[in-house]
>>> print(open('final_33.tsv').read())   # TSV, C-alpha atoms
chain	number	residue	atom	x	y	z
A	619	MET	CA	23.86	60.83	153.95
A	620	ALA	CA	21.68	59.90	156.88
A	621	PRO	CA	18.56	58.16	155.51
A	622	ARG	CA	20.47	56.13	152.93
A	623	GLU	CA	22.92	53.43	153.84
A	624	ILE	CA	25.78	52.94	151.40
A	625	GLU	CA	26.27	49.27	150.66
A	626	GLU	CA	29.56	47.69	149.58
A	627	ASN	CA	28.54	47.65	145.92
A	628	GLY	CA	27.82	51.37	146.01
A	629	GLU	CA	24.04	50.90	145.99
A	630	GLU	CA	21.91	52.60	148.59
A	631	SER	CA	19.21	51.21	150.83
A	632	GLY	CA	17.08	52.52	153.62
A	633	ASP	CA	13.63	53.01	155.06
A	634	PRO	CA	11.14	53.85	152.25
A	635	LEU	CA	9.61	56.80	154.14
A	636	ALA	CA	13.05	58.16	155.00
A	637	LEU	CA	14.00	57.97	151.32
A	638	ARG	CA	10.80	59.73	150.26
A	639	LEU	CA	11.36	62.48	152.85
A	640	GLU	CA	14.94	62.88	151.73
A	641	ALA	CA	13.89	63.22	148.10
A	642	LEU	CA	11.23	65.77	149.09
A	643	ILE	CA	13.66	67.88	151.10
A	644	LEU	CA	16.56	67.73	148.64
A	645	GLY	CA	14.23	68.40	145.74
A	646	ALA	CA	16.46	66.62	143.23
A	647	GLU	CA	17.47	63.14	142.19
A	648	ARG	CA	20.73	61.68	143.47
A	649	ARG	CA	22.72	61.10	140.32
A	650	TYR	CA	26.41	61.94	140.94
A	651	THR	CA	29.27	60.24	142.70
A	652	PRO	CA	31.61	62.68	144.49
A	653	PHE	CA	34.10	62.39	141.62
A	654	GLN	CA	31.39	63.07	139.03
A	655	ALA	CA	30.07	66.03	141.02
A	656	ALA	CA	33.55	67.56	141.29
A	657	ARG	CA	34.14	67.12	137.57
A	658	ALA	CA	30.73	68.60	136.70
A	659	ALA	CA	31.47	71.59	138.96
A	660	GLY	CA	34.91	72.08	137.42
A	661	VAL	CA	36.81	71.69	140.69
A	662	SER	CA	39.43	69.24	141.88
A	663	MET	CA	38.35	66.25	143.91
A	664	ASP	CA	40.60	67.46	146.73
A	665	LEU	CA	38.89	70.85	146.91
A	666	ALA	CA	35.43	69.30	146.59
A	667	SER	CA	36.21	66.97	149.51
A	668	ARG	CA	37.43	69.89	151.63
A	669	PHE	CA	34.25	71.84	150.95
A	670	TRP	CA	32.09	68.79	151.62
A	671	ARG	CA	33.76	67.96	154.94
A	672	ALA	CA	33.70	71.63	155.99
A	673	MET	CA	29.93	71.62	155.51
A	674	GLY	CA	29.79	68.74	157.99
A	675	PHE	CA	29.07	65.79	155.71
A	676	ALA	CA	30.77	62.41	155.92
A	677	ASP	CA	32.83	60.81	153.18
A	678	ILE	CA	30.58	58.59	151.04
A	679	GLY	CA	33.05	56.75	148.85
A	680	GLN	CA	31.88	56.61	145.25
A	681	ALA	CA	28.14	56.08	145.79
A	682	LYS	CA	25.73	58.07	143.65
A	683	ALA	CA	24.55	60.26	146.50
A	684	LEU	CA	24.87	63.83	145.21
A	685	THR	CA	22.41	66.00	143.31
A	686	GLU	CA	22.50	68.89	140.87
A	687	ALA	CA	22.23	71.22	143.87
A	688	ASP	CA	25.47	69.78	145.28
A	689	VAL	CA	27.20	70.46	141.98
A	690	LEU	CA	25.89	74.02	141.92
A	691	ALA	CA	27.07	74.65	145.49
A	692	LEU	CA	30.59	73.45	144.65
A	693	ARG	CA	30.60	75.59	141.52
A	694	ARG	CA	29.52	78.68	143.44
A	695	LEU	CA	32.14	78.34	146.14
A	696	ALA	CA	34.88	77.65	143.59
A	697	GLY	CA	33.65	80.58	141.50
A	698	LEU	CA	34.01	82.97	144.43
A	699	VAL	CA	37.63	81.84	144.79
A	700	GLU	CA	38.34	82.13	141.05
A	701	ALA	CA	36.85	85.63	140.96
A	702	GLY	CA	39.11	86.71	143.81
A	703	LEU	CA	36.19	87.53	146.09
A	704	LEU	CA	37.25	84.89	148.62
A	705	SER	CA	40.52	83.14	149.30
A	706	GLU	CA	40.38	79.35	149.30
A	707	PRO	CA	40.74	79.14	153.12
A	708	MET	CA	37.99	81.72	153.49
A	709	ALA	CA	35.68	79.74	151.19
A	710	VAL	CA	36.29	76.66	153.32
A	711	GLN	CA	35.51	78.72	156.41
A	712	VAL	CA	32.26	79.92	154.82
A	713	ALA	CA	31.31	76.32	154.18
A	714	ARG	CA	32.21	75.31	157.74
A	715	SER	CA	30.38	78.15	159.49
A	716	THR	CA	27.26	77.63	157.38
A	717	GLY	CA	27.34	73.89	157.91
A	718	GLN	CA	27.77	74.12	161.67
A	719	THR	CA	25.02	76.70	162.09
A	720	THR	CA	22.46	74.98	159.92
A	721	ALA	CA	23.26	71.53	161.36
A	722	ARG	CA	22.32	72.76	164.81
A	723	LEU	CA	19.19	74.43	163.45
A	724	ALA	CA	18.12	71.29	161.59
A	725	ASP	CA	18.68	69.10	164.66
A	726	TRP	CA	16.60	71.45	166.79
A	727	GLN	CA	13.76	71.54	164.28
A	728	ILE	CA	13.59	67.77	164.03
A	729	ASP	CA	14.09	67.02	167.73
A	730	SER	CA	11.76	69.68	169.10
A	731	PHE	CA	9.58	71.37	166.52
A	732	LEU	CA	8.58	68.53	164.22
A	733	GLU	CA	8.35	66.01	167.05
A	734	GLY	CA	5.67	68.09	168.73
A	735	LEU	CA	3.73	68.53	165.50
A	736	THR	CA	3.75	64.88	164.50
A	737	GLU	CA	1.88	63.43	167.44
A	738	PRO	CA	-0.27	60.52	166.26
A	739	GLN	CA	-3.70	61.67	165.08
A	740	GLU	CA	-6.89	59.66	165.21
A	741	GLY	CA	-6.84	57.20	162.34
A	742	MET	CA	-3.28	58.19	161.28
A	743	THR	CA	0.09	57.13	162.60
A	744	ARG	CA	2.99	59.52	163.09
A	745	THR	CA	4.64	57.98	160.04
A	746	GLU	CA	1.60	58.65	157.87
A	747	ILE	CA	1.32	62.30	158.89
A	748	THR	CA	5.03	63.19	158.71
A	749	TYR	CA	5.38	63.37	154.92
A	750	PRO	CA	2.43	65.71	154.17
A	751	LEU	CA	3.41	67.86	157.16
A	752	VAL	CA	6.99	68.28	155.95
A	753	GLU	CA	5.68	68.96	152.45
A	754	LEU	CA	3.62	71.87	153.79
A	755	LEU	CA	6.25	73.23	156.19
A	756	LEU	CA	9.32	73.05	153.96
A	757	PRO	CA	8.72	76.11	151.72
A	758	GLU	CA	7.56	78.22	154.65
A	759	LEU	CA	10.58	77.36	156.80
A	760	GLU	CA	12.91	77.97	153.87
A	761	GLU	CA	11.51	81.46	153.25
A	762	PHE	CA	11.67	82.26	156.95
A	763	LEU	CA	15.27	81.09	157.19
A	764	VAL	CA	16.34	83.38	154.34
A	765	TYR	CA	14.44	86.32	155.88
A	766	VAL	CA	16.08	85.93	159.31
A	767	TRP	CA	19.52	85.45	157.74
A	768	ARG	CA	19.19	88.67	155.73
A	769	ARG	CA	18.07	90.55	158.82
A	770	GLN	CA	20.98	89.22	160.87
A	771	LEU	CA	23.44	89.91	158.05
A	772	ALA	CA	22.22	93.51	157.78
A	773	ALA	CA	22.61	94.02	161.53
A	774	ALA	CA	26.08	92.45	161.63
A	775	THR	CA	27.26	94.46	158.62
A	776	GLY	CA	26.02	97.67	160.20
A	777	ARG	CA	27.99	96.97	163.37
A	778	VAL	CA	31.20	96.17	161.53
A	779	VAL	CA	31.24	99.16	159.16
A	780	GLN	CA	30.95	101.50	162.14
A	781	ALA	CA	34.40	100.37	163.32
A	782	GLN	CA	36.91	103.20	163.34
A	783	ASP	CA	39.61	101.35	161.38
A	784	ASP	CA	40.28	98.07	159.60
A	785	ALA	CA	41.96	96.49	162.63
A	786	GLU	CA	38.94	97.21	164.79
A	787	MET	CA	36.71	95.32	162.36
A	788	VAL	CA	38.44	92.09	163.42
A	789	ASP	CA	39.75	92.85	166.91
A	790	ARG	CA	36.99	94.96	168.42
A	791	ARG	CA	36.42	96.46	171.85
A	792	LEU	CA	33.29	94.89	173.27
A	793	ALA	CA	31.60	94.23	176.58
A	794	VAL	CA	31.39	90.48	177.18
A	795	GLY	CA	29.23	88.79	179.79
A	796	PHE	CA	28.72	85.28	181.15
A	797	ALA	CA	25.62	84.30	183.11
A	798	ASP	CA	25.85	81.02	185.03
A	799	LEU	CA	23.24	79.07	186.98
A	800	VAL	CA	24.44	78.26	190.50
A	801	GLY	CA	24.45	74.62	191.62
A	802	PHE	CA	23.56	73.20	188.23
A	803	THR	CA	25.59	70.03	188.80
A	804	ARG	CA	23.55	69.26	191.92
A	805	LEU	CA	20.36	69.84	189.97
A	806	THR	CA	21.38	67.28	187.36
A	807	ARG	CA	21.42	64.64	190.12
A	808	ARG	CA	18.12	65.70	191.66
A	809	LEU	CA	15.87	66.45	188.68
A	810	GLU	CA	14.46	64.05	186.14
A	811	GLU	CA	15.82	64.43	182.61
A	812	GLU	CA	12.62	66.03	181.33
A	813	GLU	CA	12.53	68.52	184.23
A	814	LEU	CA	16.17	69.39	183.68
A	815	GLY	CA	15.57	69.92	179.97
A	816	GLU	CA	12.63	72.22	180.70
A	817	LEU	CA	14.71	74.25	183.16
A	818	VAL	CA	17.58	74.68	180.68
A	819	GLU	CA	15.19	75.64	177.90
A	820	ALA	CA	13.45	78.20	180.13
A	821	PHE	CA	16.80	79.70	181.17
A	822	GLU	CA	18.12	79.89	177.62
A	823	THR	CA	14.85	81.37	176.33
A	824	THR	CA	14.71	83.99	179.08
A	825	ALA	CA	18.36	84.94	178.57
A	826	ALA	CA	18.06	85.10	174.77
A	827	ASP	CA	14.96	87.31	174.97
A	828	LEU	CA	16.52	89.71	177.48
A	829	VAL	CA	19.81	89.96	175.60
A	830	ALA	CA	18.05	90.69	172.31
A	831	ALA	CA	15.48	93.08	173.79
A	832	HIS	CA	18.16	95.30	175.35
A	833	GLY	CA	20.50	95.47	172.37
A	834	GLY	CA	23.01	92.72	173.06
A	835	ARG	CA	23.96	89.64	171.04
A	836	LEU	CA	23.72	86.10	172.32
A	837	ILE	CA	26.96	84.38	171.35
A	838	LYS	CA	26.20	80.87	172.57
A	839	THR	CA	24.45	78.82	175.22
A	840	LEU	CA	26.11	76.05	177.21
A	841	GLY	CA	23.21	74.53	179.11
A	842	ASP	CA	23.69	76.22	182.48
A	843	GLU	CA	25.61	79.18	181.05
A	844	VAL	CA	25.11	81.82	178.37
A	845	LEU	CA	27.69	84.06	176.74
A	846	TYR	CA	26.63	87.41	175.32
A	847	ALA	CA	28.27	90.58	174.02
A	848	ALA	CA	27.37	94.23	173.56
A	849	ASP	CA	28.99	97.17	171.83
A	850	ASP	CA	29.03	99.28	175.01
A	851	ALA	CA	29.34	98.64	178.71
A	852	GLY	CA	26.04	100.32	179.58
A	853	THR	CA	24.06	97.90	177.42
A	854	ALA	CA	25.87	94.89	178.85
A	855	ALA	CA	25.36	96.18	182.42
A	856	GLU	CA	21.63	96.56	181.87
A	857	ILE	CA	21.41	93.03	180.49
A	858	GLY	CA	23.37	91.55	183.39
A	859	LEU	CA	21.20	93.20	186.03
A	860	ARG	CA	17.99	92.36	184.17
A	861	LEU	CA	19.01	88.71	184.08
A	862	ILE	CA	19.54	88.69	187.85
A	863	GLU	CA	16.29	90.56	188.53
A	864	THR	CA	14.20	88.37	186.23
A	865	LEU	CA	15.48	85.03	187.48
A	866	THR	CA	15.34	86.13	191.13
A	867	ASN	CA	11.59	86.61	190.71
A	868	ASP	CA	11.20	83.13	189.20
A	869	GLU	CA	10.86	80.54	191.98
A	870	THR	CA	11.57	77.68	189.56
A	871	MET	CA	15.03	79.01	188.76
A	872	PRO	CA	18.23	78.59	190.79
A	873	GLU	CA	20.39	81.57	191.68
A	874	LEU	CA	22.48	83.24	188.99
A	875	ARG	CA	25.99	84.69	188.79
A	876	VAL	CA	27.09	87.17	186.13
A	877	GLY	CA	30.63	88.26	185.23
A	878	MET	CA	31.49	90.94	182.67
A	879	ALA	CA	34.63	92.47	181.19
A	880	PHE	CA	35.35	95.15	178.61
A	881	GLY	CA	38.20	95.17	176.11
A	882	THR	CA	39.59	93.88	172.85
A	883	VAL	CA	37.85	90.76	171.56
A	884	THR	CA	38.65	88.62	168.55
A	885	THR	CA	35.59	87.36	166.67
A	886	ARG	CA	35.63	84.19	164.59
A	887	MET	CA	32.67	82.33	163.07
A	888	GLY	CA	30.19	84.04	165.39
A	889	ASP	CA	32.20	83.27	168.53
A	890	VAL	CA	34.43	85.54	170.63
A	891	PHE	CA	37.90	84.86	172.00
A	892	GLY	CA	40.68	86.52	173.95
A	893	THR	CA	41.74	87.73	177.37
A	894	THR	CA	38.57	89.81	177.82
A	895	VAL	CA	36.39	86.73	177.36
A	896	ASN	CA	38.56	84.68	179.73
A	897	LEU	CA	38.38	87.41	182.36
A	898	ALA	CA	34.58	87.60	182.13
A	899	SER	CA	34.43	83.84	182.62
A	900	ARG	CA	36.72	83.97	185.67
A	901	LEU	CA	34.68	86.79	187.21
A	902	THR	CA	31.54	84.70	186.80
A	903	SER	CA	33.09	81.84	188.75
A	904	ILE	CA	33.90	84.09	191.74
A	905	ALA	CA	30.77	86.26	191.68
A	906	PRO	CA	28.42	86.06	194.69
A	907	LYS	CA	25.02	84.48	194.14
A	908	ASP	CA	22.52	86.75	192.38
A	909	ALA	CA	25.21	89.37	191.77
A	910	VAL	CA	27.16	90.92	188.90
A	911	LEU	CA	30.94	91.39	188.95
A	912	VAL	CA	32.80	93.52	186.38
A	913	ASP	CA	36.47	94.23	185.78
A	914	GLY	CA	38.23	97.57	186.13
A	915	ALA	CA	38.09	98.36	182.40
A	916	PHE	CA	34.34	97.77	182.43
A	917	ALA	CA	33.93	100.09	185.43
A	918	GLU	CA	36.02	102.79	183.73
A	919	GLU	CA	33.96	102.48	180.55
A	920	LEU	CA	30.74	102.97	182.53
A	921	ALA	CA	32.25	106.09	184.08
A	922	ARG	CA	33.44	107.40	180.71
A	923	SER	CA	29.93	107.09	179.26
A	924	GLY	CA	28.32	108.70	182.32
A	925	ASP	CA	26.46	105.53	183.31
A	926	ALA	CA	28.29	105.33	186.65
A	927	ALA	CA	30.49	107.50	188.85
A	928	LYS	CA	34.22	107.19	188.29
A	929	PRO	CA	35.74	104.35	190.31
A	930	GLY	CA	36.84	105.70	193.69
A	931	GLU	CA	34.75	108.89	193.45
A	932	ASP	CA	31.63	109.68	195.47
A	933	ASP	CA	28.46	109.19	193.44
A	934	GLY	CA	26.91	112.26	194.99
A	935	ALA	CA	23.75	113.49	193.29
A	936	GLY	CA	24.81	112.41	189.83
A	937	GLU	CA	22.33	111.13	187.28
A	938	HIS	CA	24.00	107.77	186.91
A	939	ARG	CA	22.15	104.54	186.16
A	940	PHE	CA	24.55	102.18	187.89
A	941	ALA	CA	26.54	101.97	191.11
A	942	LEU	CA	29.95	100.34	191.50
A	943	GLN	CA	31.37	98.93	194.73
A	944	PRO	CA	35.03	97.83	194.86
A	945	MET	CA	35.61	94.25	195.94
A	946	TRP	CA	38.67	92.47	197.28
A	947	GLN	CA	41.72	92.06	195.08
A	948	ARG	CA	42.46	88.46	194.28
A	949	PRO	CA	44.65	86.42	191.95
A	950	VAL	CA	42.87	84.88	188.97
A	951	ARG	CA	44.46	81.87	187.31
A	952	GLY	CA	46.26	82.90	184.13
A	953	LEU	CA	45.29	86.57	184.47
A	954	GLY	CA	47.22	87.81	187.52
A	955	VAL	CA	45.67	89.93	190.27
A	956	VAL	CA	42.35	91.58	189.46
A	957	GLU	CA	40.10	93.95	191.41
A	958	PRO	CA	36.46	93.16	190.63
A	959	TRP	CA	33.67	95.68	191.05
A	960	LEU	CA	30.20	94.77	192.24
A	961	LEU	CA	27.65	96.25	189.84
A	962	GLY	CA	24.23	97.41	191.01
A	963	ARG	CA	21.56	99.94	190.22
A	964	ARG	CA	22.09	103.40	191.67
A	965	GLY	CA	19.90	103.89	194.72
A	966	ALA	CA	19.14	100.21	195.12
A	967	PRO	CA	19.42	98.85	198.68
>>> encode(input="final_33.tsv", output="structure tokens")
Amino acid sequence: MAPREIEENGEESGDPLALRLEALILGAERRYTPFQAARAAGVSMDLASRFWRAMGFADIGQAKALTEADVLALRRLAGLVEAGLLSEPMAVQVARSTGQTTARLADWQIDSFLEGLTEPQEGMTRTEITYPLVELLLPELEEFLVYVWRRQLAAATGRVVQAQDDAEMVDRRLAVGFADLVGFTRLTRRLEEEELGELVEAFETTAADLVAAHGGRLIKTLGDEVLYAADDAGTAAEIGLRLIETLTNDETMPELRVGMAFGTVTTRMGDVFGTTVNLASRLTSIAPKDAVLVDGAFAEELARSGDAAKPGEDDGAGEHRFALQPMWQRPVRGLGVVEPWLLGRRGAP
């Protein structure tokens, strides 16, 4: 309930412009308390509170802070449960995943996008220009959001229905890769905040573009590290090497390490979990600078697809894209002894 402050008597106060912007964005008058909204939606107060918190909103007591749209959202979620299309825990998970994703998007748009567009103009303050700007942008951004979501949903659905069985739809075999900037902690002490922010943004943008362009999926970014996945080892290998090659040619970027593994992965709310992910992370931490390490299963998958020679066999005159060089065996915390393979392009020095 950000722009409005809830006073002890249940009334709301706040900055007039913030209230006007809020009314513009919500598009409806605040007229319901949480109890009234739950009753109007035909759901219990307990379930309404669970949905509301899952979407990422704070408890607001019994202030009149909800709109007709809030009632409709509660009614829709509850209706999906009543119709048997979703279980109650799944409906809560839908609310949580949507809330977390859109919260991050909204924060980015306000912090970066709108801030740059609302620089003071001659004869107008930033405050004076914000309202008409939001009024113009809002419908366009809303349409664009729905378009991108439908595109992403179509792509994700297509990937899932190609699974060979029901179990594989949830626990799938994927190639997972981490890319990590070397010496980032030292950089945080040496660079100014603005310079550091620009470096992180450039790294994340470069990584996101390369992952998307070559058929992978960016799972998440962690400042100095990105996590991505691909349906096959060949795609992930190409992405890993492209990342190294691209950043090596950029003098403003530090060195990069990439670790990749192939195997069963559990997916939840857009994230990936499991031993395969942990192994890829560990390989990243031990990879040489500007190099890519992969695990044995990844190497075998490249050989199976014809993208590399079989581990231990001479490459000869094969038409393989990638070369694999065995590295030293070493214990990895929590995963036992592993034998990494150094990944490179075939014929590269």
>>> atom_distance(input="final_33.tsv", atom1="CA of Glu760 (chain A)", atom2="CA of Ala772 (chain A)")
18.5 Å
>>> residues_near_point(input="final_33.tsv", point="(26.5, 108.8, 187.5)", cutoff="7 Å", atoms="all atoms listed in the file", output="list of chain:residue names")
A:Gly924, A:Asp925, A:Ala926, A:Ala927, A:Asp933, A:Gly936, A:Glu937, A:His938, A:Arg939, A:Phe940
>>> atom_distance(input="final_33.tsv", atom1="CA of Glu822 (chain A)", atom2="CA of Val895 (chain A)")
19.5 Å
>>> closest_residue(input="final_33.tsv", among="A:Gln680, A:Thr893, A:Ser899, A:Thr685", to="Val844 (chain A)", atoms="all atoms listed in the file")
A:Ser899
>>> closest_residue(input="final_33.tsv", among="A:Ile837, A:Leu792, A:Leu901, A:Leu920", to="Gln947 (chain A)", atoms="all atoms listed in the file")
A:Leu901
>>> decode(input="final_33.tsv", residues="region 832-861 of chain A", atoms="N, CA and C atoms", output="PDB file, in the first residue's frame")
ATOM      1  N   HIS A 832      21.233 -17.792 -28.655  1.00  0.00           N
ATOM      2  CA  HIS A 832      21.699 -19.131 -29.009  1.00  0.00           C
ATOM      3  C   HIS A 832      20.802 -20.248 -28.466  1.00  0.00           C
ATOM      4  N   GLY A 833      19.598 -19.885 -28.031  1.00  0.00           N
ATOM      5  CA  GLY A 833      18.611 -20.905 -27.700  1.00  0.00           C
ATOM      6  C   GLY A 833      18.578 -21.365 -26.262  1.00  0.00           C
ATOM      7  N   GLY A 834      19.236 -20.650 -25.363  1.00  0.00           N
ATOM      8  CA  GLY A 834      19.179 -21.007 -23.951  1.00  0.00           C
ATOM      9  C   GLY A 834      18.129 -20.201 -23.217  1.00  0.00           C
ATOM     10  N   ARG A 835      18.066 -20.372 -21.907  1.00  0.00           N
ATOM     11  CA  ARG A 835      17.116 -19.626 -21.074  1.00  0.00           C
ATOM     12  C   ARG A 835      17.864 -19.071 -19.866  1.00  0.00           C
ATOM     13  N   LEU A 836      17.783 -17.781 -19.693  1.00  0.00           N
ATOM     14  CA  LEU A 836      18.395 -17.160 -18.530  1.00  0.00           C
ATOM     15  C   LEU A 836      17.511 -17.428 -17.325  1.00  0.00           C
ATOM     16  N   ILE A 837      18.054 -18.103 -16.321  1.00  0.00           N
ATOM     17  CA  ILE A 837      17.274 -18.434 -15.134  1.00  0.00           C
ATOM     18  C   ILE A 837      17.276 -17.275 -14.145  1.00  0.00           C
ATOM     19  N   LYS A 838      18.445 -16.741 -13.847  1.00  0.00           N
ATOM     20  CA  LYS A 838      18.521 -15.591 -12.952  1.00  0.00           C
ATOM     21  C   LYS A 838      19.900 -14.973 -13.017  1.00  0.00           C
ATOM     22  N   THR A 839      19.976 -13.733 -12.559  1.00  0.00           N
ATOM     23  CA  THR A 839      21.245 -13.020 -12.469  1.00  0.00           C
ATOM     24  C   THR A 839      21.512 -12.691 -11.005  1.00  0.00           C
ATOM     25  N   LEU A 840      22.775 -12.759 -10.620  1.00  0.00           N
ATOM     26  CA  LEU A 840      23.148 -12.517  -9.230  1.00  0.00           C
ATOM     27  C   LEU A 840      24.270 -11.486  -9.147  1.00  0.00           C
ATOM     28  N   GLY A 841      24.165 -10.436  -9.940  1.00  0.00           N
ATOM     29  CA  GLY A 841      25.184  -9.396  -9.935  1.00  0.00           C
ATOM     30  C   GLY A 841      26.406  -9.802 -10.729  1.00  0.00           C
ATOM     31  N   ASP A 842      27.307 -10.554 -10.098  1.00  0.00           N
ATOM     32  CA  ASP A 842      28.528 -10.983 -10.776  1.00  0.00           C
ATOM     33  C   ASP A 842      28.396 -12.382 -11.365  1.00  0.00           C
ATOM     34  N   GLU A 843      27.201 -12.950 -11.337  1.00  0.00           N
ATOM     35  CA  GLU A 843      27.017 -14.328 -11.789  1.00  0.00           C
ATOM     36  C   GLU A 843      25.674 -14.463 -12.484  1.00  0.00           C
ATOM     37  N   VAL A 844      25.635 -15.284 -13.535  1.00  0.00           N
ATOM     38  CA  VAL A 844      24.371 -15.599 -14.193  1.00  0.00           C
ATOM     39  C   VAL A 844      24.204 -17.112 -14.227  1.00  0.00           C
ATOM     40  N   LEU A 845      22.978 -17.539 -14.152  1.00  0.00           N
ATOM     41  CA  LEU A 845      22.625 -18.958 -14.242  1.00  0.00           C
ATOM     42  C   LEU A 845      21.726 -19.135 -15.453  1.00  0.00           C
ATOM     43  N   TYR A 846      22.075 -20.063 -16.321  1.00  0.00           N
ATOM     44  CA  TYR A 846      21.254 -20.315 -17.507  1.00  0.00           C
ATOM     45  C   TYR A 846      21.098 -21.815 -17.715  1.00  0.00           C
ATOM     46  N   ALA A 847      20.151 -22.176 -18.567  1.00  0.00           N
ATOM     47  CA  ALA A 847      19.890 -23.585 -18.853  1.00  0.00           C
ATOM     48  C   ALA A 847      19.588 -23.748 -20.331  1.00  0.00           C
ATOM     49  N   ALA A 848      19.787 -24.969 -20.821  1.00  0.00           N
ATOM     50  CA  ALA A 848      19.477 -25.292 -22.210  1.00  0.00           C
ATOM     51  C   ALA A 848      19.004 -26.733 -22.266  1.00  0.00           C
ATOM     52  N   ASP A 849      18.227 -27.037 -23.293  1.00  0.00           N
ATOM     53  CA  ASP A 849      17.679 -28.386 -23.415  1.00  0.00           C
ATOM     54  C   ASP A 849      18.734 -29.407 -23.821  1.00  0.00           C
ATOM     55  N   ASP A 850      19.809 -28.979 -24.454  1.00  0.00           N
ATOM     56  CA  ASP A 850      20.851 -29.919 -24.877  1.00  0.00           C
ATOM     57  C   ASP A 850      22.225 -29.351 -24.567  1.00  0.00           C
ATOM     58  N   ALA A 851      23.182 -30.247 -24.463  1.00  0.00           N
ATOM     59  CA  ALA A 851      24.536 -29.854 -24.070  1.00  0.00           C
ATOM     60  C   ALA A 851      25.216 -29.007 -25.137  1.00  0.00           C
ATOM     61  N   GLY A 852      24.934 -29.272 -26.407  1.00  0.00           N
ATOM     62  CA  GLY A 852      25.560 -28.513 -27.479  1.00  0.00           C
ATOM     63  C   GLY A 852      25.204 -27.033 -27.421  1.00  0.00           C
ATOM     64  N   THR A 853      23.940 -26.746 -27.145  1.00  0.00           N
ATOM     65  CA  THR A 853      23.500 -25.354 -27.031  1.00  0.00           C
ATOM     66  C   THR A 853      24.181 -24.674 -25.853  1.00  0.00           C
ATOM     67  N   ALA A 854      24.205 -25.360 -24.703  1.00  0.00           N
ATOM     68  CA  ALA A 854      24.837 -24.788 -23.520  1.00  0.00           C
ATOM     69  C   ALA A 854      26.336 -24.567 -23.741  1.00  0.00           C
ATOM     70  N   ALA A 855      26.992 -25.501 -24.437  1.00  0.00           N
ATOM     71  CA  ALA A 855      28.422 -25.369 -24.712  1.00  0.00           C
ATOM     72  C   ALA A 855      28.694 -24.147 -25.578  1.00  0.00           C
ATOM     73  N   GLU A 856      27.883 -23.956 -26.595  1.00  0.00           N
ATOM     74  CA  GLU A 856      28.051 -22.796 -27.470  1.00  0.00           C
ATOM     75  C   GLU A 856      27.883 -21.499 -26.692  1.00  0.00           C
ATOM     76  N   ILE A 857      26.908 -21.465 -25.814  1.00  0.00           N
ATOM     77  CA  ILE A 857      26.676 -20.261 -25.003  1.00  0.00           C
ATOM     78  C   ILE A 857      27.869 -19.988 -24.088  1.00  0.00           C
ATOM     79  N   GLY A 858      28.361 -21.034 -23.418  1.00  0.00           N
ATOM     80  CA  GLY A 858      29.484 -20.861 -22.506  1.00  0.00           C
ATOM     81  C   GLY A 858      30.712 -20.313 -23.205  1.00  0.00           C
ATOM     82  N   LEU A 859      31.045 -20.879 -24.364  1.00  0.00           N
ATOM     83  CA  LEU A 859      32.219 -20.407 -25.092  1.00  0.00           C
ATOM     84  C   LEU A 859      32.013 -19.013 -25.657  1.00  0.00           C
ATOM     85  N   ARG A 860      30.804 -18.722 -26.114  1.00  0.00           N
ATOM     86  CA  ARG A 860      30.513 -17.374 -26.624  1.00  0.00           C
ATOM     87  C   ARG A 860      30.660 -16.329 -25.524  1.00  0.00           C
ATOM     88  N   LEU A 861      30.232 -16.664 -24.330  1.00  0.00           N
ATOM     89  CA  LEU A 861      30.373 -15.737 -23.205  1.00  0.00           C
ATOM     90  C   LEU A 861      31.844 -15.416 -22.962  1.00  0.00           C
TER      91      LEU A 861
END
